[in-house]
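Here is the structure we will look at.
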Amino acid sequence: MAGLGGTETLGRKSRWAILDLVVVVYALVPVLWIMSLSFKTTKTLTDGNFIPREWTLDNYKAIFQTSEFVRALGNSIGIAIISTVIAVVLGTMAAYAVARLDFPGKKALVGVSLLVAMFPQVSLVSPLFEIERSVGLFNTWPGLILPYITFALPLSIYTLSAFFREIPWELEKAAKMDGATPAQAFRKVIAPLAAPGVFTTAILVFILCWNDFLFAISLTSTSASRTVPAALSFFTGASQFEDPTGSISAAAVVITVPIIVFVLLFQRRIVAGLTSGAVKG
Amino acid sequence: MAEIVLDKVTKRYPDGALAVSDVDIEIADGEFIILVGPSGCGKSTTLNMIAGLEDITSGELRIGGNRVNERAPKDRDIAMVFQSYALYPHMTVRENMAFPLRLAKVDNATVERKVNDAAEILDLTQHLDRRPANLSGGQRQRVAMGRAIVRSPKAFLMDEPLSNLDAKLRVQMRTSVSRLQKQLGTTMVYVTHDQVEAMTLGDRVVVMRGGVVQQIGAPQYLYDHPSNLFVAGFIGSPSMNFLPATLEDGTLRSSLAELPLTDRIRKLLESADAPREVIMGVRPEHFEDAALLDDASRARGATFTGQVDVLESMGSDKYAYFTLSGEQATSAELAELAADVGSADVPTSGIQLVTRISAASPARLGQSAEIWFDADKVQLFDPSSGRNLTFAGE
Ligand SMILES: Nc1ncnc2c1ncn2[C@@H]1O[C@H](COP(=O)(O)OP(=O)(O)OP(=O)(O)O)[C@@H](O)[C@H]1O
Ligand SMILES: [Mg+2]
């Protein structure tokens, strides 16, 4: 009986392992390919080898020498961080209200934010272009930050209110009984418990802003506010006759790195179950 | 200096539900008062209004002589222990207990001392640096109490604090709650569902039903002199036996026996203007095996003969259960009580009777026994209003 169970779990394990491997390979091959391209020399770029014959860092050196890319990287980082902070702060307050309070118009608020999230962004590009041009936001940081916040807010309200709903309300009552003002109760009890949710949301929002191409390409015109995804499409290579694939690959790898760092950095904070032990177990 | 007075306090929730209606309770300084009643009767709502967690719709709440209706919980100087304990999971036991003191900006040395003292009292010293998630239910419960006692508040409010503990621990914690309150001498309002807690813990008990206070008094007084059918049925375990009965020419006719009324009861009934159809209530301990009694004692009551359905020997005495033929007593109060203990769905035919008789009784399971009951201990109730017709009120 025991042996049978053992082989069964073994069979199951290997089946899962194979499935996992397929998924991982499927997801990683394009990434690895881009990485491989970024390390190839111009000559070997199109030789079709997965592992570069000749390794080089020239592509990386090249992109960091072009002011175009460096500026774009700065824009990307600045715009994504500012948008994330604003969207998460506003989203935290809104989500708290949605999760905890009963106020007139709550259903409408939730409905509208869902609507915003589902709205096809493409259809907004031309009106936004016109509006931003006439109010002078075109090709500026705020010109990108504003639409990013708009589309990030529904996301952050949704994820955060789910987290807030998980926190037992009695903790807040207990804090009030212990002498806390509502602000103190929020700061000292609710916020620390909601932290994993806030970090998760921040990462999602950051990725959303970081990866955006549509607004970045339509609402910018110079390197003053162009972000990396948009700047990539303007890469021409060192000379007009040179294939820019190498530098584009290198740039793509570079902009993937912050996301990975971000996730790794906050991974430990995202662990759920922080609220366990609050109430009866 | 911390008596709590509820003066015609009423709570209507925004959705229109009337949770508490015109509650008048005067809680003396240092008193241990218990709120009991079936689920949904408004106990938690009352407690939350005292705490300041729920607004008072109308009426006045005074603590130490001052109206506090409009004060925030933190300005009322009251501590509360929640049914779920509501410990802060991101803080250690020490931080949890220190939290109210930190908020009150008490200096570090005092915080340290008070937390250590409280931990000592509650036997938590070796757990101070652990987190709530790693504690047992009883330990968490004590941490919650510790958090309440550290800042020496004017009063403690507890909402079913022991209901999440297993039976054995509950008994243990019950005595420690009682000891703690005596030791600290702080006013305590304690909500419970539990019969035994209600009877043993408090100086006085408030019985609530549907948001209305039914009766307030010492546990023994409520037990002996319930003002209505609801209190009679709610207080006491096993609960009072109820049977339909008819009053006629000074005798009480029921499926138990025909009982001549005693003078005391006759007088009370006259002044209460009793109807003909009544509900008769007899507590289990007012029965006795007739075989053990002499004639003089027998004469003070009546006897009936029935077949023993179930016999439970408790060592000190025996519980004998009988099923009598006839209709069960019906009233709104009894239906509500049955619903609360969950016995409403159990189909029964006839009248169930619980008697507590002496351990020396020769009664045997399945055999018939002659059981006597005390005529003067019988209580009679008006089936329509639930009023105790034999109530010898203050
Ligand atoms: N927030 C609320 N909104 C509307 N009605 C409520 C609210 N809270 C409680 N009630 C209602 O008020 C009544 C009293 O509730 P309460 O919680 O005080 O009962 P309880 O006596 O504590 O019951 P339990 O023993 O089950 O805890 C109930 O009928 C309940 O449905
Ligand atoms: Mg309750």
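Convention: chains lettered A, B, ... in structure tokens order; per-chain residue numbering from 1; ligands numbered from 1 as shown.
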
Legend entry - Contacts of B:His286 within 12 Å, only C-alpha atoms, excl. fewer than 3 positions in-chain, as a list of chain:residue names: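 Contacts, with the query itself left out: B:Asp224, B:Met240, B:Asn241, B:Gly281, B:Val282, B:Arg283, B:Asp289, B:Ala290, B:Arg300, B:Gly301, B:Ala302, B:Thr303, B:Tyr319, B:Val354, B:Thr355, B:Arg356, B:Ile357, B:Ser358, B:Ile371, B:Trp372, B:Phe373, B:Asp374, B:Ala375, B:Asp376, B:Lys377, B:Val378, B:Gln379.
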
Would you write out those residues with N, CA and C atoms, as a JSON list (two decimals), in the first residue's frame?
[["chain", "number", "residue", "atom", "x", "y", "z"],
["B", 224, "ASP", "N", -34.38, 33.08, 42.14],
["B", 224, "ASP", "CA", -35.51, 32.82, 43.04],
["B", 224, "ASP", "C", -36.75, 33.60, 42.66],
["B", 240, "MET", "N", -35.92, 25.78, 34.32],
["B", 240, "MET", "CA", -37.19, 25.52, 35.00],
["B", 240, "MET", "C", -38.12, 24.70, 34.11],
["B", 241, "ASN", "N", -38.91, 23.85, 34.74],
["B", 241, "ASN", "CA", -39.93, 23.09, 34.00],
["B", 241, "ASN", "C", -41.18, 23.93, 33.86],
["B", 281, "GLY", "N", -44.46, 26.95, 36.68],
["B", 281, "GLY", "CA", -43.04, 26.67, 36.57],
["B", 281, "GLY", "C", -42.49, 26.06, 37.86],
["B", 282, "VAL", "N", -41.74, 24.98, 37.71],
["B", 282, "VAL", "CA", -41.13, 24.35, 38.89],
["B", 282, "VAL", "C", -39.66, 24.07, 38.57],
["B", 283, "ARG", "N", -38.78, 24.52, 39.44],
["B", 283, "ARG", "CA", -37.35, 24.25, 39.23],
["B", 283, "ARG", "C", -37.06, 22.79, 39.53],
["B", 289, "ASP", "N", -37.85, 12.62, 45.54],
["B", 289, "ASP", "CA", -38.44, 11.28, 45.51],
["B", 289, "ASP", "C", -39.35, 11.13, 46.73],
["B", 290, "ALA", "N", -40.64, 10.85, 46.49],
["B", 290, "ALA", "CA", -41.61, 10.82, 47.58],
["B", 290, "ALA", "C", -41.26, 9.75, 48.61],
["B", 300, "ARG", "N", -46.83, 19.20, 52.41],
["B", 300, "ARG", "CA", -46.56, 20.55, 51.93],
["B", 300, "ARG", "C", -46.49, 20.63, 50.41],
["B", 301, "GLY", "N", -46.81, 19.53, 49.74],
["B", 301, "GLY", "CA", -46.75, 19.56, 48.29],
["B", 301, "GLY", "C", -47.69, 18.54, 47.69],
["B", 302, "ALA", "N", -47.41, 18.13, 46.47],
["B", 302, "ALA", "CA", -48.23, 17.12, 45.82],
["B", 302, "ALA", "C", -47.31, 16.11, 45.17],
["B", 303, "THR", "N", -47.84, 14.97, 44.83],
["B", 303, "THR", "CA", -47.00, 13.97, 44.18],
["B", 303, "THR", "C", -47.59, 13.57, 42.85],
["B", 319, "TYR", "N", -30.44, 13.27, 38.48],
["B", 319, "TYR", "CA", -31.42, 13.91, 37.61],
["B", 319, "TYR", "C", -32.30, 12.82, 37.01],
["B", 354, "VAL", "N", -37.70, 17.71, 34.04],
["B", 354, "VAL", "CA", -36.41, 17.38, 34.63],
["B", 354, "VAL", "C", -36.55, 17.54, 36.14],
["B", 355, "THR", "N", -36.17, 16.53, 36.88],
["B", 355, "THR", "CA", -36.24, 16.65, 38.34],
["B", 355, "THR", "C", -34.89, 16.32, 38.93],
["B", 356, "ARG", "N", -34.56, 17.03, 39.98],
["B", 356, "ARG", "CA", -33.31, 16.72, 40.67],
["B", 356, "ARG", "C", -33.67, 16.13, 42.02],
["B", 357, "ILE", "N", -33.32, 14.90, 42.20],
["B", 357, "ILE", "CA", -33.72, 14.22, 43.43],
["B", 357, "ILE", "C", -32.48, 13.73, 44.17],
["B", 358, "SER", "N", -32.69, 13.39, 45.41],
["B", 358, "SER", "CA", -31.58, 12.99, 46.26],
["B", 358, "SER", "C", -30.89, 11.74, 45.71],
["B", 371, "ILE", "N", -42.93, 10.97, 42.59],
["B", 371, "ILE", "CA", -42.13, 12.18, 42.81],
["B", 371, "ILE", "C", -43.00, 13.25, 43.44],
["B", 372, "TRP", "N", -42.42, 13.90, 44.42],
["B", 372, "TRP", "CA", -43.11, 14.95, 45.16],
["B", 372, "TRP", "C", -42.58, 16.29, 44.73],
["B", 373, "PHE", "N", -43.39, 17.32, 44.75],
["B", 373, "PHE", "CA", -42.83, 18.66, 44.56],
["B", 373, "PHE", "C", -43.45, 19.65, 45.54],
["B", 374, "ASP", "N", -42.68, 20.70, 45.80],
["B", 374, "ASP", "CA", -42.99, 21.66, 46.85],
["B", 374, "ASP", "C", -44.05, 22.66, 46.37],
["B", 375, "ALA", "N", -45.19, 22.68, 47.02],
["B", 375, "ALA", "CA", -46.29, 23.53, 46.59],
["B", 375, "ALA", "C", -45.96, 25.00, 46.70],
["B", 376, "ASP", "N", -45.14, 25.35, 47.67],
["B", 376, "ASP", "CA", -44.87, 26.77, 47.90],
["B", 376, "ASP", "C", -43.81, 27.32, 46.95],
["B", 377, "LYS", "N", -43.09, 26.42, 46.26],
["B", 377, "LYS", "CA", -42.03, 26.87, 45.36],
["B", 377, "LYS", "C", -42.51, 27.00, 43.93],
["B", 378, "VAL", "N", -43.77, 26.65, 43.72],
["B", 378, "VAL", "CA", -44.33, 26.74, 42.37],
["B", 378, "VAL", "C", -44.45, 28.21, 41.96],
["B", 379, "GLN", "N", -44.09, 28.51, 40.73],
["B", 379, "GLN", "CA", -44.28, 29.87, 40.23],
["B", 379, "GLN", "C", -45.28, 29.83, 39.07]]

Legend entry - Who sits within 12 Å of A:Ala224, only C-alpha atoms, same chain under 4 positions skipped, as a VMD selection string: chain A and resid 67 to 76 78 to 79 138 to 144 216 219 to 220 228 231

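Here is the contact set of chain B against chain A, at 6 Å and counting only C-alpha atoms: Pro73, Lys74, Ala79, Ser84, Tyr85, Ala86, Leu87, Tyr88, Pro89, Pro100, Pro132 and Ala133 of chain B.
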
Please write the residues from the selection above to a file, keeping N, CA and C atoms, as a PDB file, in the first residue's frame.
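This went into part27.pdb:
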ATOM      1  N   PRO B  73     -14.000  57.119  22.212  1.00  0.00           N
ATOM      2  CA  PRO B  73     -13.610  56.047  23.130  1.00  0.00           C
ATOM      3  C   PRO B  73     -12.364  56.392  23.948  1.00  0.00           C
ATOM      4  N   LYS B  74     -11.402  57.040  23.308  1.00  0.00           N
ATOM      5  CA  LYS B  74     -10.133  57.293  24.005  1.00  0.00           C
ATOM      6  C   LYS B  74     -10.283  58.305  25.141  1.00  0.00           C
ATOM      7  N   ALA B  79     -11.417  50.321  29.230  1.00  0.00           N
ATOM      8  CA  ALA B  79     -10.708  49.311  28.453  1.00  0.00           C
ATOM      9  C   ALA B  79     -11.673  48.209  28.070  1.00  0.00           C
ATOM     10  N   SER B  84     -12.806  38.148  20.152  1.00  0.00           N
ATOM     11  CA  SER B  84     -11.745  37.600  19.306  1.00  0.00           C
ATOM     12  C   SER B  84     -10.362  37.992  19.810  1.00  0.00           C
ATOM     13  N   TYR B  85     -10.302  38.658  20.962  1.00  0.00           N
ATOM     14  CA  TYR B  85      -9.069  39.156  21.590  1.00  0.00           C
ATOM     15  C   TYR B  85      -8.485  40.367  20.888  1.00  0.00           C
ATOM     16  N   ALA B  86      -8.583  40.401  19.543  1.00  0.00           N
ATOM     17  CA  ALA B  86      -8.096  41.549  18.779  1.00  0.00           C
ATOM     18  C   ALA B  86      -6.697  41.978  19.202  1.00  0.00           C
ATOM     19  N   LEU B  87      -5.787  41.040  19.237  1.00  0.00           N
ATOM     20  CA  LEU B  87      -4.394  41.385  19.518  1.00  0.00           C
ATOM     21  C   LEU B  87      -3.733  41.887  18.240  1.00  0.00           C
ATOM     22  N   TYR B  88      -2.768  42.786  18.394  1.00  0.00           N
ATOM     23  CA  TYR B  88      -2.093  43.313  17.212  1.00  0.00           C
ATOM     24  C   TYR B  88      -1.043  42.300  16.763  1.00  0.00           C
ATOM     25  N   PRO B  89      -1.235  41.682  15.599  1.00  0.00           N
ATOM     26  CA  PRO B  89      -0.372  40.560  15.217  1.00  0.00           C
ATOM     27  C   PRO B  89       1.056  40.971  14.919  1.00  0.00           C
ATOM     28  N   PRO B 100      -1.445  50.757  24.882  1.00  0.00           N
ATOM     29  CA  PRO B 100      -2.252  51.852  25.452  1.00  0.00           C
ATOM     30  C   PRO B 100      -1.404  52.862  26.219  1.00  0.00           C
ATOM     31  N   PRO B 132       1.575  37.133  19.129  1.00  0.00           N
ATOM     32  CA  PRO B 132       0.282  36.499  19.395  1.00  0.00           C
ATOM     33  C   PRO B 132       0.064  35.214  18.592  1.00  0.00           C
ATOM     34  N   ALA B 133       0.582  35.185  17.353  1.00  0.00           N
ATOM     35  CA  ALA B 133       0.340  34.007  16.518  1.00  0.00           C
ATOM     36  C   ALA B 133       0.915  32.749  17.150  1.00  0.00           C
TER      37      ALA B 133
END

Legend entry - Who sits within 9 Å of B:Ala2, only C-alpha atoms, same chain under 4 positions skipped, as a list of chain:residue names: B:Ile27, B:Ala28, B:Asp29, B:Gly30, B:Ile63, B:Gly64, B:Gly65, B:Lys154, B:Ala155, B:Thr186, B:Thr187

Residues of the last selection are to be written out with N, CA, C and O atoms, as a PDB file, in the first residue's frame.
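Wrote it out as again07.pdb, contents follow:
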ATOM      1  N   ILE B  27     -24.754  51.245  37.239  1.00  0.00           N
ATOM      2  CA  ILE B  27     -23.672  50.352  37.648  1.00  0.00           C
ATOM      3  C   ILE B  27     -22.818  51.086  38.668  1.00  0.00           C
ATOM      4  O   ILE B  27     -22.269  52.155  38.369  1.00  0.00           O
ATOM      5  N   ALA B  28     -22.738  50.517  39.866  1.00  0.00           N
ATOM      6  CA  ALA B  28     -22.002  51.192  40.938  1.00  0.00           C
ATOM      7  C   ALA B  28     -20.505  51.070  40.717  1.00  0.00           C
ATOM      8  O   ALA B  28     -20.034  50.196  39.987  1.00  0.00           O
ATOM      9  N   ASP B  29     -19.752  51.948  41.353  1.00  0.00           N
ATOM     10  CA  ASP B  29     -18.300  51.900  41.274  1.00  0.00           C
ATOM     11  C   ASP B  29     -17.802  50.559  41.811  1.00  0.00           C
ATOM     12  O   ASP B  29     -18.209  50.122  42.886  1.00  0.00           O
ATOM     13  N   GLY B  30     -16.958  49.898  41.071  1.00  0.00           N
ATOM     14  CA  GLY B  30     -16.393  48.636  41.512  1.00  0.00           C
ATOM     15  C   GLY B  30     -17.302  47.436  41.337  1.00  0.00           C
ATOM     16  O   GLY B  30     -16.941  46.320  41.708  1.00  0.00           O
ATOM     17  N   ILE B  63     -20.587  58.529  32.866  1.00  0.00           N
ATOM     18  CA  ILE B  63     -19.515  57.796  33.535  1.00  0.00           C
ATOM     19  C   ILE B  63     -18.932  58.730  34.581  1.00  0.00           C
ATOM     20  O   ILE B  63     -18.533  59.852  34.254  1.00  0.00           O
ATOM     21  N   GLY B  64     -18.910  58.282  35.821  1.00  0.00           N
ATOM     22  CA  GLY B  64     -18.411  59.124  36.902  1.00  0.00           C
ATOM     23  C   GLY B  64     -19.165  60.439  36.988  1.00  0.00           C
ATOM     24  O   GLY B  64     -18.589  61.476  37.305  1.00  0.00           O
ATOM     25  N   GLY B  65     -20.460  60.414  36.652  1.00  0.00           N
ATOM     26  CA  GLY B  65     -21.280  61.604  36.790  1.00  0.00           C
ATOM     27  C   GLY B  65     -21.290  62.524  35.584  1.00  0.00           C
ATOM     28  O   GLY B  65     -22.104  63.441  35.500  1.00  0.00           O
ATOM     29  N   LYS B 154     -10.994  53.312  34.165  1.00  0.00           N
ATOM     30  CA  LYS B 154     -12.127  53.478  35.076  1.00  0.00           C
ATOM     31  C   LYS B 154     -13.000  52.240  35.080  1.00  0.00           C
ATOM     32  O   LYS B 154     -13.648  51.935  36.067  1.00  0.00           O
ATOM     33  N   ALA B 155     -13.065  51.564  33.960  1.00  0.00           N
ATOM     34  CA  ALA B 155     -13.928  50.381  33.883  1.00  0.00           C
ATOM     35  C   ALA B 155     -13.425  49.429  32.809  1.00  0.00           C
ATOM     36  O   ALA B 155     -12.752  49.839  31.869  1.00  0.00           O
ATOM     37  N   THR B 186     -12.072  47.240  40.024  1.00  0.00           N
ATOM     38  CA  THR B 186     -12.522  48.127  38.954  1.00  0.00           C
ATOM     39  C   THR B 186     -13.906  47.700  38.464  1.00  0.00           C
ATOM     40  O   THR B 186     -14.188  46.509  38.377  1.00  0.00           O
ATOM     41  N   THR B 187     -14.726  48.687  38.137  1.00  0.00           N
ATOM     42  CA  THR B 187     -16.043  48.413  37.572  1.00  0.00           C
ATOM     43  C   THR B 187     -15.902  47.532  36.330  1.00  0.00           C
ATOM     44  O   THR B 187     -15.015  47.772  35.505  1.00  0.00           O
TER      45      THR B 187
END

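Among the candidates B:Thr192, B:Gln172, B:Gln141, B:Thr323, the one nearest to ligand 2 when counting only C-alpha atoms and all ligand atoms is B:Thr192.
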
Inset, instruction - For B:Leu229, please output as a list in words all residues within 9 Å (counting only C-alpha atoms; exclusion window: fewer than 6 positions along the same chain). - result: Ile279, Gly281, Ser331, Glu333, Leu334, Leu380, Phe381, Asp382, Pro383, Ser385, Gly386, Arg387 and Asn388 of chain B

Legend entry - Who sits within 8 Å of stretch 109-113 of chain B, only C-alpha atoms, same chain under 5 positions skipped, as an NGL selection string: :B and (98 or 101-102)

Within 12 Å of ligand 1, which residues of chain A show up? Give each one with its shortest atom-to-atom distance in Å (one decimal) and the two atoms involved, counting only C-alpha atoms and all ligand atoms, rows by chain then rising residue number, as JSON lines.
{"residue": "A:Arg100", "atom": "CA", "partner": "ligand 1", "partner_atom_place_in_ligand_line": "1 (N)", "distance": 11.9}
{"residue": "A:Leu101", "atom": "CA", "partner": "ligand 1", "partner_atom_place_in_ligand_line": "1 (N)", "distance": 11.3}
{"residue": "A:Asp102", "atom": "CA", "partner": "ligand 1", "partner_atom_place_in_ligand_line": "1 (N)", "distance": 10.5}

Could the residues in this selection be written to a file with all heavy atoms, as a PDB file, in the first residue's frame?
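After the write, result-v1.pdb holds the following:
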ATOM      1  N   ARG A 100     -14.087  49.763   4.505  1.00  0.00           N
ATOM      2  CA  ARG A 100     -14.532  49.949   5.870  1.00  0.00           C
ATOM      3  C   ARG A 100     -15.787  50.787   6.055  1.00  0.00           C
ATOM      4  O   ARG A 100     -16.506  50.628   7.023  1.00  0.00           O
ATOM      5  CB  ARG A 100     -13.404  50.615   6.686  1.00  0.00           C
ATOM      6  CG  ARG A 100     -12.307  49.674   7.045  1.00  0.00           C
ATOM      7  CD  ARG A 100     -12.824  48.592   7.953  1.00  0.00           C
ATOM      8  NE  ARG A 100     -12.029  47.397   7.870  1.00  0.00           N
ATOM      9  CZ  ARG A 100     -10.897  47.202   8.521  1.00  0.00           C
ATOM     10  NH1 ARG A 100     -10.437  48.129   9.289  1.00  0.00           N
ATOM     11  NH2 ARG A 100     -10.254  46.068   8.397  1.00  0.00           N
ATOM     12  N   LEU A 101     -16.016  51.721   5.158  1.00  0.00           N
ATOM     13  CA  LEU A 101     -17.100  52.667   5.417  1.00  0.00           C
ATOM     14  C   LEU A 101     -18.285  52.399   4.507  1.00  0.00           C
ATOM     15  O   LEU A 101     -18.139  51.867   3.416  1.00  0.00           O
ATOM     16  CB  LEU A 101     -16.609  54.103   5.213  1.00  0.00           C
ATOM     17  CG  LEU A 101     -15.366  54.511   5.998  1.00  0.00           C
ATOM     18  CD1 LEU A 101     -14.946  55.904   5.622  1.00  0.00           C
ATOM     19  CD2 LEU A 101     -15.649  54.415   7.491  1.00  0.00           C
ATOM     20  N   ASP A 102     -19.431  52.798   5.003  1.00  0.00           N
ATOM     21  CA  ASP A 102     -20.621  52.768   4.183  1.00  0.00           C
ATOM     22  C   ASP A 102     -20.969  54.204   3.899  1.00  0.00           C
ATOM     23  O   ASP A 102     -21.399  54.925   4.787  1.00  0.00           O
ATOM     24  CB  ASP A 102     -21.766  52.094   4.956  1.00  0.00           C
ATOM     25  CG  ASP A 102     -22.127  50.786   4.312  1.00  0.00           C
ATOM     26  OD1 ASP A 102     -22.002  50.714   3.074  1.00  0.00           O
ATOM     27  OD2 ASP A 102     -22.518  49.850   5.025  1.00  0.00           O
TER      28      ASP A 102
END
